[in-house]
Amino acid sequence: MTWLAGLVLLSAASLQVEAVPAARQANLVAVLPVHGEIDRVTQRPLERRLQEATRLGAGAVVIDLDTPGGEMLATLEICHLLRTAAPANTVAWINPKAFSAGTIIALACRDTVVHPESVFGDAAPIQGLPIVGLLQLPVAERAKLEAPLLSEVVDGARRRGIDEKLVQAFIAVTMELWLIEEIRTGERMFVDAGEYEIAFGEPPPRLRQRGAPREAVAPAAPKEESGMAPAAVLADPADDTAPLRRMLTPAGRGQWRLIGQVIGSEELLTVRADEAIAYGLASTRIADEDSLRRHFGATQVVRLDETWSEMLVRFLVSWPVRLVLIAVLLVGFFVELASPGFGVFGTAAALALVALIGAPALVGLAQWWEVALVLVGLALVAVELFVLPGFGVAGVAGILCLFVGLVGTFVDGSIGSGEWQQQIVTGLATTLAAVFGAGVGVWMLSRHF
């Protein structure tokens with residue numbers, strides 16, 4: 001009887017593995033946590049861990065997302081990385097939140113699974129400054145920032161067979177959507193006001209109040225897990241970027257029924273676990289790594305975290321830490337010049353300089369010209385103080401080189417882009433605040449020494 005029971009259990013296990021679709025099945029699953037704010041430092045550690053997952057022979061990669069959002073340029077670069085360098089079986093796990101940048105990254109994956117208490121969405125671009133907070137964007141500038149994000153999420157939706165109107169509602173605040181269902185086939189569509197009027201012959205009802213919870217919606221019929229939308233629903237089967245949406249015509253009136261309004265005017269779409277599954281944005285709920293293992297039919301799940309050095313770099317390149325480092329550099333430099341002899345202040349200045357330049361260099365953010373300008377600036381100021389006394393050309397040139405070099409360490413975006421402008425302003429504000437703090441520090445030290 002013992003061998004018979006064992007045979008039954010083995011057969012049950014075999015059936016469980018066979019029940020997992022081929023596009024999803026993996027013996028080894030690598031979980032890559034992406035937690036906290038998405039920034040310029042996120043990409044390099046993620047790329048390293050993707051390579052490690054490949055080296056280990058992982059059949060699936062899970063991007064474990066828990067993020068409030070982050071920088072737009074870094075987000076787009078990570079999406080490109082996931083499409084070009086990650087295994088085909090790469091899945092996003094919303095665990096438990098993925099706002100803004102996290103939502104866009106999730107849509108770049110083959111599939112999304114959600115924690116039972118998860119929430120994601122609200123991916124409209126914003127601009128903010130340290131201390132000042134969020135800034136109001138002009139209409140033209142907002143449209144310019146939205147364009148690459150809309151292109152990214154629409155591309156992800158088409159690859160996964162998600163209604164592209166729905167994902168645009170994560171970003172475009174002017175999007176109003178209603179969910180309708182074809183009575184005969186059960187096919188569902190998310191339609192805007194114009195499409196609703198074509199389907200029903202009358203203006204759509206405004207059923208939502210801003211911020212009100214949505215009514216529960218039963219999930220649609222599950223789709224085949226192939227990692228790509230079925231070719232039959234493409235406008236052109238040879239073009240996987242063609243719109244997945246069918247054209248509505250007045251001839252189809254009477255064939256549709258309204259399920260409800262999904263998003264109203266002046267709202268951004270944010271969904272919880274049940275809604276994400278009902279709308280086709282996620283395939284299932286995953287509460288823990290054991291459930292994740294069963295979802296893939298895997299025998300092993302490995303977790304690939306960031307290294308301590310990568311976490312240290314993330315800390316050192318944050319603007320509050322850099323403000324302190326710049327102030328320490330300036331105070332130590334000027335005090336050491338006033339009291340010759342390589343002592344405590346000189347050591348502190350040298351360490352601050354290494355951290356300011358070395359930390360970004362470790363993740364490919366520092367440019368050679370930034371380092372050169374800072375060093376030349378410090379040298380010119382020293383020349384002005386000791387070789388050519390008097391506030392002249394060398395001193396002014398040194399201060400300008402030092403200032404431009406320090407601000408440059410904050411910038412890595414494309415010149416002219418909204419993010420580049422924001423980085424410039426952040427760099428200017430942080431450096432000016434550090435200079436002011438350093439001036440106060442030098443003044444206080446001069447009174448005691």
# chains A, B, ... in the order shown; residues from 1 in each chain; ligands from 1
call {"tool": "residues_around", "arguments": {"residues": "range 278-293 of chain A", "least_positions_apart": "5", "cutoff": "7 Å", "atoms": "only C-alpha atoms", "output": "PyMOL selection string"}}
result
chain A and resi 111-116+162+217-220+298-301
call {"tool": "write_last_selection", "arguments": {"atoms": "N, CA, C and O atoms", "output": "mmCIF file, in the first residue's frame"}}
result
data_model
loop_
_atom_site.group_PDB
_atom_site.id
_atom_site.type_symbol
_atom_site.label_atom_id
_atom_site.label_comp_id
_atom_site.auth_asym_id
_atom_site.auth_seq_id
_atom_site.Cartn_x
_atom_site.Cartn_y
_atom_site.Cartn_z
ATOM 1 N N ASP A 111 3.975 38.986 -18.528
ATOM 2 C CA ASP A 111 2.739 38.837 -17.766
ATOM 3 C C ASP A 111 2.900 39.573 -16.446
ATOM 4 O O ASP A 111 4.017 39.957 -16.063
ATOM 5 N N THR A 112 1.794 39.780 -15.768
ATOM 6 C CA THR A 112 1.805 40.392 -14.445
ATOM 7 C C THR A 112 0.988 39.537 -13.498
ATOM 8 O O THR A 112 -0.112 39.093 -13.853
ATOM 9 N N VAL A 113 1.529 39.285 -12.321
ATOM 10 C CA VAL A 113 0.776 38.648 -11.237
ATOM 11 C C VAL A 113 0.740 39.625 -10.073
ATOM 12 O O VAL A 113 1.582 40.518 -9.974
ATOM 13 N N VAL A 114 -0.244 39.465 -9.203
ATOM 14 C CA VAL A 114 -0.463 40.470 -8.166
ATOM 15 C C VAL A 114 -0.589 39.821 -6.791
ATOM 16 O O VAL A 114 -1.143 38.731 -6.656
ATOM 17 N N HIS A 115 -0.060 40.510 -5.788
ATOM 18 C CA HIS A 115 -0.319 40.146 -4.402
ATOM 19 C C HIS A 115 -1.794 40.418 -4.108
ATOM 20 O O HIS A 115 -2.376 41.362 -4.653
ATOM 21 N N PRO A 116 -2.439 39.616 -3.258
ATOM 22 C CA PRO A 116 -3.864 39.847 -2.977
ATOM 23 C C PRO A 116 -4.185 41.256 -2.486
ATOM 24 O O PRO A 116 -5.307 41.739 -2.666
ATOM 25 N N ILE A 162 -3.613 43.212 -24.203
ATOM 26 C CA ILE A 162 -4.408 44.045 -23.300
ATOM 27 C C ILE A 162 -4.998 45.193 -24.110
ATOM 28 O O ILE A 162 -4.364 45.709 -25.034
ATOM 29 N N VAL A 217 -16.229 43.760 -10.914
ATOM 30 C CA VAL A 217 -16.458 43.248 -12.266
ATOM 31 C C VAL A 217 -15.923 41.827 -12.333
ATOM 32 O O VAL A 217 -14.791 41.565 -11.917
ATOM 33 N N ALA A 218 -16.746 40.920 -12.835
ATOM 34 C CA ALA A 218 -16.300 39.532 -12.978
ATOM 35 C C ALA A 218 -15.224 39.455 -14.044
ATOM 36 O O ALA A 218 -15.286 40.163 -15.054
ATOM 37 N N PRO A 219 -14.194 38.605 -13.838
ATOM 38 C CA PRO A 219 -13.129 38.478 -14.841
ATOM 39 C C PRO A 219 -13.674 37.992 -16.174
ATOM 40 O O PRO A 219 -14.638 37.232 -16.237
ATOM 41 N N ALA A 220 -13.030 38.425 -17.252
ATOM 42 C CA ALA A 220 -13.367 37.911 -18.576
ATOM 43 C C ALA A 220 -12.790 36.509 -18.729
ATOM 44 O O ALA A 220 -12.018 36.035 -17.888
ATOM 45 N N ALA A 298 7.632 25.104 -10.691
ATOM 46 C CA ALA A 298 9.081 25.073 -10.486
ATOM 47 C C ALA A 298 9.464 24.173 -9.320
ATOM 48 O O ALA A 298 8.665 23.902 -8.423
ATOM 49 N N THR A 299 10.718 23.744 -9.335
ATOM 50 C CA THR A 299 11.270 22.978 -8.224
ATOM 51 C C THR A 299 12.109 23.849 -7.293
ATOM 52 O O THR A 299 12.382 23.462 -6.166
ATOM 53 N N GLN A 300 12.518 25.044 -7.789
ATOM 54 C CA GLN A 300 13.378 25.910 -6.975
ATOM 55 C C GLN A 300 13.114 27.376 -7.305
ATOM 56 O O GLN A 300 12.925 27.738 -8.479
ATOM 57 N N VAL A 301 13.108 28.199 -6.251
ATOM 58 C CA VAL A 301 12.995 29.650 -6.399
ATOM 59 C C VAL A 301 14.202 30.281 -5.711
ATOM 60 O O VAL A 301 14.449 30.020 -4.533
#
call {"tool": "select_by_dssp", "arguments": {"residues": "range 290-434 of chain A", "states": "alpha helix (DSSP H)", "output": "ChimeraX atom specification"}}
result
/A:290-296,308-316,319-338,344-362,368-386,393-408,418-434
call {"tool": "write_last_selection", "arguments": {"atoms": "C-alpha atoms", "output": "short mmCIF file (atom, residue, chain, number, x, y, z; two decimals), in the first residue's frame"}}
result
data_model
loop_
_atom_site.label_atom_id
_atom_site.label_comp_id
_atom_site.auth_asym_id
_atom_site.auth_seq_id
_atom_site.Cartn_x
_atom_site.Cartn_y
_atom_site.Cartn_z
CA ASP A 290 5.69 29.18 -2.42
CA SER A 291 2.64 30.21 -4.48
CA LEU A 292 5.05 31.62 -7.04
CA ARG A 293 6.82 28.26 -7.29
CA ARG A 294 3.53 26.45 -7.90
CA HIS A 295 2.48 29.07 -10.48
CA PHE A 296 5.51 28.19 -12.61
CA TRP A 308 25.63 45.90 -0.25
CA SER A 309 27.84 48.01 -2.51
CA GLU A 310 24.93 48.70 -4.88
CA MET A 311 22.75 49.74 -1.93
CA LEU A 312 25.57 51.98 -0.66
CA VAL A 313 25.85 53.66 -4.07
CA ARG A 314 22.08 54.26 -4.09
CA PHE A 315 22.40 55.98 -0.70
CA LEU A 316 25.38 58.10 -1.73
CA TRP A 319 20.37 64.44 -3.31
CA PRO A 320 20.27 64.97 0.51
CA VAL A 321 23.48 62.95 0.94
CA ARG A 322 25.16 64.74 -1.94
CA LEU A 323 24.22 68.09 -0.44
CA VAL A 324 26.04 67.11 2.75
CA LEU A 325 29.02 65.75 0.80
CA ILE A 326 29.40 68.95 -1.23
CA ALA A 327 29.25 71.04 1.94
CA VAL A 328 31.87 68.82 3.63
CA LEU A 329 34.11 69.05 0.54
CA LEU A 330 33.97 72.85 0.48
CA VAL A 331 34.38 73.34 4.23
CA GLY A 332 37.27 70.87 4.44
CA PHE A 333 38.99 72.35 1.39
CA PHE A 334 38.88 75.97 2.55
CA VAL A 335 39.74 75.19 6.16
CA GLU A 336 42.69 73.08 5.05
CA LEU A 337 43.90 75.95 2.84
CA ALA A 338 43.60 78.37 5.73
CA VAL A 344 41.27 66.15 9.64
CA PHE A 345 39.55 68.68 7.40
CA GLY A 346 41.69 67.77 4.39
CA THR A 347 40.94 64.09 4.90
CA ALA A 348 37.21 64.80 5.20
CA ALA A 349 37.30 66.87 1.98
CA ALA A 350 39.17 64.12 0.12
CA LEU A 351 36.72 61.43 1.27
CA ALA A 352 33.74 63.61 0.31
CA LEU A 353 35.24 64.16 -3.16
CA VAL A 354 35.80 60.42 -3.63
CA ALA A 355 32.18 59.69 -2.61
CA LEU A 356 30.78 62.44 -4.86
CA ILE A 357 32.62 61.21 -7.92
CA GLY A 358 33.24 57.54 -7.16
CA ALA A 359 29.68 56.50 -6.30
CA PRO A 360 28.17 57.66 -9.63
CA ALA A 361 31.17 56.19 -11.49
CA LEU A 362 30.42 52.73 -10.09
CA TRP A 368 35.08 62.39 -17.16
CA TRP A 369 34.44 66.09 -17.72
CA GLU A 370 32.61 66.42 -14.39
CA VAL A 371 35.59 64.97 -12.53
CA ALA A 372 38.02 67.14 -14.52
CA LEU A 373 36.08 70.35 -13.86
CA VAL A 374 35.88 69.73 -10.09
CA LEU A 375 39.61 68.99 -9.85
CA VAL A 376 40.58 71.94 -12.08
CA GLY A 377 38.29 74.21 -10.08
CA LEU A 378 39.88 73.22 -6.77
CA ALA A 379 43.37 73.68 -8.27
CA LEU A 380 42.58 77.15 -9.64
CA VAL A 381 41.15 78.31 -6.31
CA ALA A 382 44.31 77.08 -4.57
CA VAL A 383 46.46 78.94 -7.12
CA GLU A 384 44.48 82.12 -6.51
CA LEU A 385 44.95 81.85 -2.75
CA PHE A 386 48.64 80.91 -2.63
CA VAL A 393 40.93 85.44 -13.14
CA ALA A 394 42.16 82.17 -11.60
CA GLY A 395 39.80 82.45 -8.65
CA VAL A 396 36.72 83.25 -10.74
CA ALA A 397 37.54 80.50 -13.25
CA GLY A 398 38.12 78.02 -10.43
CA ILE A 399 34.80 78.78 -8.75
CA LEU A 400 32.94 78.47 -12.07
CA CYS A 401 34.64 75.16 -12.91
CA LEU A 402 33.92 73.79 -9.45
CA PHE A 403 30.26 74.85 -9.58
CA VAL A 404 29.60 73.51 -13.09
CA GLY A 405 31.37 70.23 -12.30
CA LEU A 406 29.34 69.67 -9.14
CA VAL A 407 26.04 70.46 -10.88
CA GLY A 408 27.06 68.17 -13.75
CA GLY A 418 12.11 67.47 -19.44
CA GLU A 419 14.04 65.12 -17.19
CA TRP A 420 17.35 66.76 -18.12
CA GLN A 421 15.93 70.15 -17.19
CA GLN A 422 14.67 68.76 -13.88
CA GLN A 423 18.09 67.26 -13.13
CA ILE A 424 19.76 70.61 -13.87
CA VAL A 425 17.41 72.42 -11.51
CA THR A 426 17.88 69.76 -8.82
CA GLY A 427 21.65 70.00 -9.22
CA LEU A 428 21.59 73.81 -9.04
CA ALA A 429 19.33 73.85 -5.99
CA THR A 430 21.34 71.18 -4.15
CA THR A 431 24.73 72.75 -4.97
CA LEU A 432 23.61 76.27 -4.01
CA ALA A 433 22.18 74.95 -0.74
CA ALA A 434 25.46 73.14 -0.07
#
call {"tool": "closest_residue", "arguments": {"among": "A:Ile94, A:Val153, A:Ala101, A:Leu177", "to": "Glu37 in chain A", "atoms": "only C-alpha atoms"}}
result
A:Ala101
call {"tool": "atom_distance", "arguments": {"atom1": "CA of Leu166 in chain A", "atom2": "CA of Ala74 in chain A"}}
result
23.5 Å
call {"tool": "residues_around", "arguments": {"residues": "range 188-202 of chain A", "least_positions_apart": "3", "cutoff": "10 Å", "atoms": "only C-alpha atoms", "output": "NGL selection string"}}
result
:A and (162-166 or 175-183 or 185 or 205-206 or 220-221 or 245-263 or 279)
